[in-house]
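Encoded as C-alpha cells, the structure appears first; notes follow it.
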Amino acid sequence: MELEVRHLRALCAIADAGSLHKAARQLGMSQPSLTTQLRRIENSLGAELFSRERTGCRPTLLGHSVLSRARPLIAGMAVLVSEARAAADRSAGPRLRIGSTASRALAGWLRRLRERLPGTDISLQMDVSANALLREVAGGGLDVAFVHEVEGCQLRVPPGLDRRVLVEREPQFISLARDHPAAGRPVVELADLASDRWMIDPTVDGEWDGLRRVLSDAGLNPPVLHGDYLTASSLIAVGEAIAPCQPTSVPREDMVVRPLRDDPLGVRLLLFSRPGAYEGAGIASSGTSPDADRAGDGDGDGPGGAEVYADLEAAYREAALQAGVYRQWLTRNKSPLLHAPAA
C-alpha cells in the first residue's frame with residue numbers, strides 16, 4: 001500500500017486527539033474503519049506508529065518521526081489546494097461559500113446576503129462538526145463558517161483564520177413534551193429531569209462532553225440516548241426523551257422549549273473566515289473592524305467582513321426575537337440583542 005495524504009491526515013488526527021475514538025469523530029468516519037486504516041499503514045511501514053494504552057494512543061519513536069515529516073507535507077498540500085482554488089475563484093466570477101452548523105438565523109442571513117450581493121453566487125454547506133468546517137475554511141474549500149463552540153470544549157482553530165464573536169454566551173434551553181410535568185414551569189430545574197432519558201448527538205463537536213460535564217456537576221447520571229436531533233424531536237414529542245436545544249428553537253403543538261435554571265449549558269457563536277475571503281464575493285472593501293481578530297496571527301478580518309457580519313447579526317437578532325421564550329430570557333437578562341446597533 002502506498003501512503004496518501006489522507007493517511008497522513010489520519011495519523012495526525014490520532015496524535016492530536018489522543019485516541020482512535022476521538023480521531024474518528026474528527027475525521028467523520030467510524031472507529032473500526034480508522035483502526036483498520038491505521039493497521040494497514042503500520043503494516044506498510046513494518047512497525048507500530050502508536051502504542052495502544054488504556055487511556056488512549058501515544059506515538060512511538062517511529063510515530064514521532066513520521067508525524068514530524070507528515071505535518072509539513074499536509075500543510076504544503078493545504079497551501080497548494082487553497083492557492084489553486086483561489087485562482088479558480090478569480091476566473092469563475094464573484095462567489096461566497098458559506099459553511100454553518102445548524103442555526104435558525106441562517107435563512108435570514110442568506111436572504112440579506114443575496115439582497116446585498118445580487119451578482120454573487122452564494123452557496124451553503126451544512127455540517128454538524130464545527131471543526132470540520134473550520135478545516136474547510138483553512139483549506140480554501142469555504143470562505144466563511146458560522147459555528148458554535150460548546151462551553152468547556154474549545155474548537156481546534158487552524159492558524160490564520162479571522163474570527164468575530166457573534167454571541168459570547170448563548171444559553172442552551174431544553175425541549176420537552178408538552179405534557180411533561182416540568183413543561184408548565186417558566187424555568188426548569190435540572191433536578192426535575194434526573195429520571196428522564198436525555199438525547200444527544202455525539203457527532204456534534206463538544207456536545208456530549210459539555211452535557212456530561214454539566215450533569216456530572218449537578219450530581220446527575222440519567223440514561224442517555226445517542227442519535228441525531230431529527231430523531232430526537234420525534235421521541236421528545238411522545239415523551240420518550242428530552243434534549244438540549246438552541247434558544248431560538250420554536251415550540252410545536254406537541255413540544256415546548258424552556259430555559260434551565262441558572263443556564264448551565266452554553267455555547268459561543270463565532271464567524272470565521274480566511275484572510276481575503278470576501279474579496280472574491282463582490283463586496284467592496286470596508287476596512288478592518290476593531291471587533292475582529294485573527295486566531296493566532298493578530299488583528300483583522302479582511303475587506304468586506306463588516307458587511308457579512310452585520311447581516312448575520314441582524315438575522316440572529318430577528319430569529320431571537322421571534323422565539324418567545326428566548327425573547328423573555330433576553331428581557332430578564334437585559335441583553336443588548338434587544339436593541340439594534342446604530343447605523
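Starting from 1 in every chain, residues are counted up; chains themselves are A, B, ... following the order of the C-alpha cells, and ligands are numbered from 1 as listed.
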**Study point:** Picked from stretch 62-243 of chain A by DSSP as helix (DSSP H, G or I), as a PyMOL selection string
**Key:** chain A and resi 62-92+106-116+130-139+190-193+207-217+229-237
Review point. Which polymer residues have any atom within 8 Å of an atom of A:Leu20, counting only C-alpha atoms, with same-chain residues fewer than 5 positions away left out, as a PyMOL selection string?
Key: chain A and resi 14+31+34-35+56-57
Could those residues be written to a file, using N, CA and C atoms, as an mmCIF file, in the first residue's frame?
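Saved as result-v7.cif:
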data_model
loop_
_atom_site.group_PDB
_atom_site.id
_atom_site.type_symbol
_atom_site.label_atom_id
_atom_site.label_comp_id
_atom_site.auth_asym_id
_atom_site.auth_seq_id
_atom_site.Cartn_x
_atom_site.Cartn_y
_atom_site.Cartn_z
ATOM 1 N N ILE A 14 -5.024 11.213 14.902
ATOM 2 C CA ILE A 14 -4.894 10.302 16.037
ATOM 3 C C ILE A 14 -3.946 10.889 17.080
ATOM 4 N N GLN A 31 -14.924 4.369 14.130
ATOM 5 C CA GLN A 31 -13.688 3.944 14.783
ATOM 6 C C GLN A 31 -13.132 2.643 14.183
ATOM 7 N N LEU A 34 -11.211 3.511 11.051
ATOM 8 C CA LEU A 34 -9.937 4.174 11.327
ATOM 9 C C LEU A 34 -8.925 3.175 11.886
ATOM 10 N N THR A 35 -9.381 2.261 12.734
ATOM 11 C CA THR A 35 -8.494 1.237 13.284
ATOM 12 C C THR A 35 -7.916 0.368 12.167
ATOM 13 N N GLY A 56 -5.636 5.740 25.908
ATOM 14 C CA GLY A 56 -5.639 6.250 24.543
ATOM 15 C C GLY A 56 -4.457 5.759 23.732
ATOM 16 N N CYS A 57 -4.064 6.554 22.726
ATOM 17 C CA CYS A 57 -2.953 6.203 21.838
ATOM 18 C C CYS A 57 -1.835 7.231 21.983
#
Practice item. List the neighbours of stretch 256-261 of chain A out to 6 Å using only C-alpha atoms; skip same-chain residues closer than 2 positions along the sequence, and give me the result as a list of chain:residue names. Key: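 Contacts, with the query itself left out: A:Phe173, A:Ile174, A:Ser175, A:Leu176, A:Arg178, A:Val187, A:Val188, A:Glu189, A:Pro251, A:Asp263.
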Filtering to C-alpha atoms, could you give me those residues as a PDB file, in the first residue's frame?
ATOM      1  CA  PHE A 173     -32.599  25.513  26.516  1.00  0.00           C
ATOM      2  CA  ILE A 174     -34.382  22.169  26.862  1.00  0.00           C
ATOM      3  CA  SER A 175     -37.038  20.580  24.626  1.00  0.00           C
ATOM      4  CA  LEU A 176     -39.837  18.724  26.434  1.00  0.00           C
ATOM      5  CA  ARG A 178     -45.962  19.408  26.088  1.00  0.00           C
ATOM      6  CA  VAL A 187     -37.878  27.788  34.146  1.00  0.00           C
ATOM      7  CA  VAL A 188     -36.920  24.119  34.559  1.00  0.00           C
ATOM      8  CA  GLU A 189     -34.668  22.735  37.283  1.00  0.00           C
ATOM      9  CA  PRO A 251     -42.119  25.309  20.095  1.00  0.00           C
ATOM     10  CA  ASP A 263     -28.321  28.404  32.367  1.00  0.00           C
TER      11      ASP A 263
END
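The space separating atom CA of A:Ala13 from atom CA of A:Gln26 comes to 7.4 Å.
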Practice item. In Å, rounded to a single decimal, give me how far atom CA of A:Gly46 is from atom CA of A:Thr60. Key: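 So the two atoms, atom CA of A:Thr60 and atom CA of A:Gly46, lie 13.1 Å apart.
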Exercise for review: Excluding A:Ala241 and residues on its chain fewer than 6 positions from it, collect all residues at most 7 Å away from it, counting only C-alpha atoms, and give them as a PyMOL selection string.
Suggested key: chain A and resi 196-199+235
Review point. Hey, what does DSSP flag as strand (DSSP E or B) within stretch 105-238 of chain A? Can you give it to me as a VMD selection string?
Key: chain A and resid 121 to 126 144 to 150 162 to 171 173 to 177 188 198 to 200 224 to 226
